[in-house]
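Asks: Got a structure for you, written out below as structure tokens; questions coming shortly.
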Amino acid sequence: MSFFDLKGTLKPLTALKQFGKKPHTIEYPKVKKEAADRYRGFHFNDLEACIGCGNCSTICQNAAIDMIHIEGIEGINGDSGLRPRIDHGRCCWCALCVEVCPTGSLSLTKDYLYVSDDPDSFLWVPGIDNPEGKNNLSFTSDEQSLNDFKRISMPELEGMERVKSFAEVVLGYNEEQAREEASRCISCGLCTEACPEHMHIPEYINAIATGNDKDALRIIYDNNPLPEMCGKVCTRRCEDVCAIAVRGEPVAIRWLKRYATETAISSDITREIVNPVIKEPNGKKVGIVGAGPSGLTAGYYLALRGYDVTIYESNAKAGGATMYGIPKYRFPIESLDKQIEYIEKIGVKIHYNTTVGKDITFDKIYKESDVVFMGVGFPKAWTLGIDGEDAKGSMQAVNYLHEINDGEEVEIGNKVAVIGGGNVAIDAARVSKRYGADVTILYRRRVQDMPADWEEIEGAEDEGIHIVPQAIPIKVIADKNGKVTGIEYLMAEMVPDERGGRPKPVAIEGSNKVLEITALMGAIGQQADYSFIEGTEYEGKIKVERGRIVVNEDQQTSDPKVFAGGDAVNRTADAISAIADGFRACKAIDKYLIEK
Amino acid sequence: MNDIKAKLTEHIKANFPGAAEKDFKGENRIDFSIDKEFIPSVLTYLKNTAGFIHLSHITCVDWLEEGEFEMIFIIWSPTDKLKVFIRTRIDREKAVMPNIDMIWRQANTYEREFREMFGIQFIGLKGAKDFLLEDWEGPPPMRRDFDTAAYAKDAFFERPGREDALDVREEIIKRSREEIPGFAKKYSR
């Protein structure tokens, strides 16, 4: 061994290669080690996104989740107002609650360390007691969820095929499709609050899912005597608040109701399945003006309670706006007939072609009955209020639909313009298209502002109907015989509303355009026709404000013996609200006559 | 790779009657279903002759509606970099399987777990009766018809302080004054 050992001197210097590298030992100051991304720790709930459906609480096999009221969170339409509280002493971190959460608000965090000798401190509300969890998520249902977000698509006729006839466009689910679609429902029941009639939606959907179609129909008939109509043309506000709709397509509640009602192919079979209890006649008489949805509903449930019900209808068929306002490719006449037949078999008497105020006086009905229900609707159209509107070939869309549904022929030529953006406008356009006309819809606002059902708008576009948005009609042009030949309109720009309402269309000067047409249809809204009480003592007794009959929450008018419902009363003006009015009135009338 | 796969497939089909190949769109995997009687012999062949020396996993699927259990053995060849799935269906009521712990000793642990969690008996299996559960008397808990919620309800006491829990459906009924007929209630959540 030499005195100078080069190797022994330099070797320790090799340790310098570690210089600047991260040490393997514990660092100072100590850095907290983060858990792996897949680690399942405590829950976090995004309270804003949560709608309180309670699916987490239902799925939890350890019963660790309670739904409770939280101060400051109010229940509104589409939100139960409840939020989950978790007993972490029971939780086994299986995360089923996360996987079934329809909104994706519930997740697990990486935070798993918690030590306490107080067992009660393990009971807390995720999101409120651990707000910091938001930035520390591990297991979420973003990528995969146990919910089925995709709706079973509804078989329907192809666009260019449908315009050839009035055949029903929507073909309906078959049994397998219905069961599969019904299985997507999580039975939270948020929808029942959105439904004006509060139908028992989760119950009948569950009955369909488990293969009990008859029970489903019985549940449906519990508070809706026109379910097939609703199954086809309801405005379905239930689907807007469906928990599944937050991240996917809502459960097809309307189509499932349609499926259940179509399993009973005749009114006799409906009666056999529903098998309602009809009480002994109690000798009390109820007169109903108008056989629309509200009148029929009140009539049906009053008849079940033993009342002697007579409905007076001015038209040749019952159904009101659902008969005369809805085109037959959406709601076939056989389907309505079946339901009316069933209602008549229960004991409701309907006098057709009997206009109150002409064929029979209101006074007579009032004096003969113990109670009168008015479901008179909005039969009269608002006119456009522009020059030349009374030209030949200029008509109201609602009258046009009425005449077509009555089986009459209406001369419209081959170029039709429809003014308006509601369902009546779209219906009139699609009917005109089926009579071979080229149809243009003029609407003052944008397409997304149209009050019509989006499915109807899409349907119209599929069928080749031209929609011109932001168009304000100013003048109807007629030839020397007084026959309409064109419509002049201005283009509009959308101006934000200063008061926070929806944007307003403002006409652009000089943007005049003329559309050549052979017929013009106005569809800008309807109003009531109270001529049957005008000039009688009842005009003062039954209070009417801004065109609507004033009622209390029991549908009772200012005359205690008179109840009212339907379009002439409520602001929503759809069939299901009318049914709700009729049902509420039935209960109130029952109470009123028993107490009397 | 495809060569090896084809040769192996051919051999298994020729020697083990009833072996059915299952389609799988992966590169390094073949998949067979086979009668349970042939399980020990096919595994012995694959381990001793074909080089599948590694037992990756054994698992079980409860096909409740069909009244069957499906046992799946996953084995791996480090030389060929190939995975083989061997599946077999057995009757759920009389769940008996041949024992394979003489082929891979570690299978013993899996088999004791299946015995406890699914109630599957392995012929001649030795080892303590209890695996994870202590003094378990009830039905095997991994079977799909085992009601976990009911078990949890029986086994654990209710913590005081949770009485304010509400039912979502009832809360909405109360708010909208909906009246559900009695016969419909069985369909509620």
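Identifiers in the structure tokens: chain A, B, ... in order shown; residue index from 1 per chain; ligand index from 1 in order shown.
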Return the neighbours of chain B among the residues of chain A, cut-off 7 Å, counting only C-alpha atoms, as a PyMOL selection string.

Replies: chain A and resi 53-54+61-62+66-68+80+187-189+193+198+200+202-203+206-207+219

Asks: Write out as a PyMOL selection string all residues of segment 22-188 of chain B that backbone DSSP assigns to strand (DSSP E).

Replies: chain B and resi 29-33+54-63+68-77+82-91+96-97+121-122

Asks: Write out, as a CSV table (one decimal), in the first residue's frame, the residues just selected, with N, CA and C atoms.

Replies:
```csv
chain,number,residue,atom,x,y,z
B,29,ARG,N,-54.0,-12.6,-25.4
B,29,ARG,CA,-54.9,-13.4,-24.6
B,29,ARG,C,-55.7,-14.4,-25.4
B,30,ILE,N,-55.9,-15.6,-24.8
B,30,ILE,CA,-56.9,-16.5,-25.4
B,30,ILE,C,-57.8,-16.9,-24.3
B,31,ASP,N,-59.0,-17.3,-24.7
B,31,ASP,CA,-60.0,-17.5,-23.7
B,31,ASP,C,-60.8,-18.8,-24.0
B,32,PHE,N,-61.0,-19.6,-23.0
B,32,PHE,CA,-61.6,-20.9,-23.3
B,32,PHE,C,-62.7,-21.2,-22.2
B,33,SER,N,-63.8,-21.8,-22.6
B,33,SER,CA,-64.6,-22.3,-21.6
B,33,SER,C,-64.6,-23.8,-21.7
B,54,HIS,N,-47.3,-19.4,-14.4
B,54,HIS,CA,-47.8,-18.4,-13.4
B,54,HIS,C,-49.3,-18.4,-13.2
B,55,LEU,N,-49.8,-18.6,-12.0
B,55,LEU,CA,-51.2,-18.5,-11.8
B,55,LEU,C,-51.5,-17.0,-11.4
B,56,SER,N,-52.1,-16.2,-12.3
B,56,SER,CA,-52.3,-14.8,-12.0
B,56,SER,C,-53.5,-14.6,-11.1
B,57,HIS,N,-54.6,-15.3,-11.3
B,57,HIS,CA,-55.8,-15.0,-10.6
B,57,HIS,C,-56.8,-16.1,-10.7
B,58,ILE,N,-57.6,-16.2,-9.7
B,58,ILE,CA,-58.8,-17.0,-9.8
B,58,ILE,C,-60.0,-16.2,-9.4
B,59,THR,N,-61.1,-16.2,-10.2
B,59,THR,CA,-62.2,-15.4,-9.8
B,59,THR,C,-63.5,-16.1,-10.0
B,60,CYS,N,-64.6,-15.6,-9.5
B,60,CYS,CA,-65.9,-16.2,-9.6
B,60,CYS,C,-67.0,-15.2,-9.9
B,61,VAL,N,-67.9,-15.5,-10.8
B,61,VAL,CA,-69.0,-14.6,-11.1
B,61,VAL,C,-70.3,-15.4,-10.7
B,62,ASP,N,-71.2,-14.7,-10.0
B,62,ASP,CA,-72.4,-15.3,-9.6
B,62,ASP,C,-73.5,-15.0,-10.7
B,63,TRP,N,-73.9,-15.9,-11.5
B,63,TRP,CA,-74.9,-15.7,-12.5
B,63,TRP,C,-76.2,-16.2,-11.8
B,68,GLU,N,-76.1,-20.4,-11.9
B,68,GLU,CA,-74.8,-20.9,-12.0
B,68,GLU,C,-73.7,-20.0,-11.5
B,69,PHE,N,-72.5,-20.6,-11.1
B,69,PHE,CA,-71.3,-19.8,-10.8
B,69,PHE,C,-70.4,-20.0,-12.0
B,70,GLU,N,-69.7,-19.0,-12.3
B,70,GLU,CA,-68.6,-19.1,-13.3
B,70,GLU,C,-67.3,-18.9,-12.7
B,71,MET,N,-66.4,-20.0,-12.7
B,71,MET,CA,-65.1,-19.9,-12.2
B,71,MET,C,-64.1,-19.5,-13.3
B,72,ILE,N,-63.2,-18.6,-13.1
B,72,ILE,CA,-62.3,-18.2,-14.1
B,72,ILE,C,-60.9,-18.3,-13.6
B,73,PHE,N,-60.0,-19.0,-14.3
B,73,PHE,CA,-58.6,-19.2,-13.9
B,73,PHE,C,-57.8,-18.4,-14.9
B,74,ILE,N,-57.0,-17.5,-14.5
B,74,ILE,CA,-56.1,-16.7,-15.4
B,74,ILE,C,-54.7,-17.1,-15.2
B,75,ILE,N,-54.1,-17.6,-16.2
B,75,ILE,CA,-52.7,-18.0,-16.1
B,75,ILE,C,-51.8,-17.4,-17.2
B,76,TRP,N,-50.5,-17.3,-16.9
B,76,TRP,CA,-49.6,-16.4,-17.7
B,76,TRP,C,-48.3,-17.1,-18.0
B,77,SER,N,-47.9,-17.0,-19.3
B,77,SER,CA,-46.6,-17.5,-19.6
B,77,SER,C,-45.6,-16.4,-19.8
B,82,LEU,N,-48.1,-14.4,-22.9
B,82,LEU,CA,-49.5,-14.7,-23.3
B,82,LEU,C,-50.3,-15.1,-22.0
B,83,LYS,N,-51.6,-14.7,-22.0
B,83,LYS,CA,-52.5,-14.9,-20.9
B,83,LYS,C,-53.5,-15.9,-21.4
B,84,VAL,N,-53.9,-16.9,-20.6
B,84,VAL,CA,-54.9,-17.8,-20.9
B,84,VAL,C,-56.0,-17.8,-19.8
B,85,PHE,N,-57.3,-17.6,-20.3
B,85,PHE,CA,-58.4,-17.6,-19.4
B,85,PHE,C,-59.1,-19.0,-19.6
B,86,ILE,N,-59.3,-19.6,-18.5
B,86,ILE,CA,-60.0,-20.9,-18.5
B,86,ILE,C,-61.3,-20.7,-17.7
B,87,ARG,N,-62.4,-20.8,-18.3
B,87,ARG,CA,-63.7,-20.6,-17.6
B,87,ARG,C,-64.4,-21.9,-17.5
B,88,THR,N,-65.2,-22.0,-16.4
B,88,THR,CA,-66.1,-23.2,-16.3
B,88,THR,C,-67.4,-22.7,-15.6
B,89,ARG,N,-68.5,-23.3,-15.9
B,89,ARG,CA,-69.8,-23.0,-15.2
B,89,ARG,C,-70.1,-24.2,-14.3
B,90,ILE,N,-70.5,-23.9,-13.0
B,90,ILE,CA,-70.9,-24.9,-12.1
B,90,ILE,C,-72.3,-24.6,-11.6
B,91,ASP,N,-73.0,-25.6,-11.1
B,91,ASP,CA,-74.3,-25.5,-10.6
B,91,ASP,C,-74.2,-24.7,-9.3
B,96,VAL,N,-69.7,-27.5,-6.4
B,96,VAL,CA,-68.5,-28.4,-6.1
B,96,VAL,C,-67.5,-28.2,-7.3
B,97,MET,N,-66.2,-28.0,-6.9
B,97,MET,CA,-65.2,-27.8,-7.9
B,97,MET,C,-64.0,-28.8,-7.6
B,121,GLN,N,-67.6,-25.7,-2.6
B,121,GLN,CA,-66.7,-26.7,-2.0
B,121,GLN,C,-65.7,-27.2,-3.0
B,122,PHE,N,-64.4,-27.4,-2.5
B,122,PHE,CA,-63.4,-28.0,-3.4
B,122,PHE,C,-63.0,-29.3,-2.8
```

Asks: Out of segment 4-187 of chain B, which residues get helix (DSSP H, G or I) from DSSP, as a count of residues only?

Replies: 62

Asks: With only C-alpha atoms as the atoms that count, which of B:Leu132, B:Ile4, B:Ile53, B:Met142 lies nearest to Glu27 of chain B?

Replies: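 Checking each candidate against Glu27 of chain B, we get B:Ile4 as the closest.
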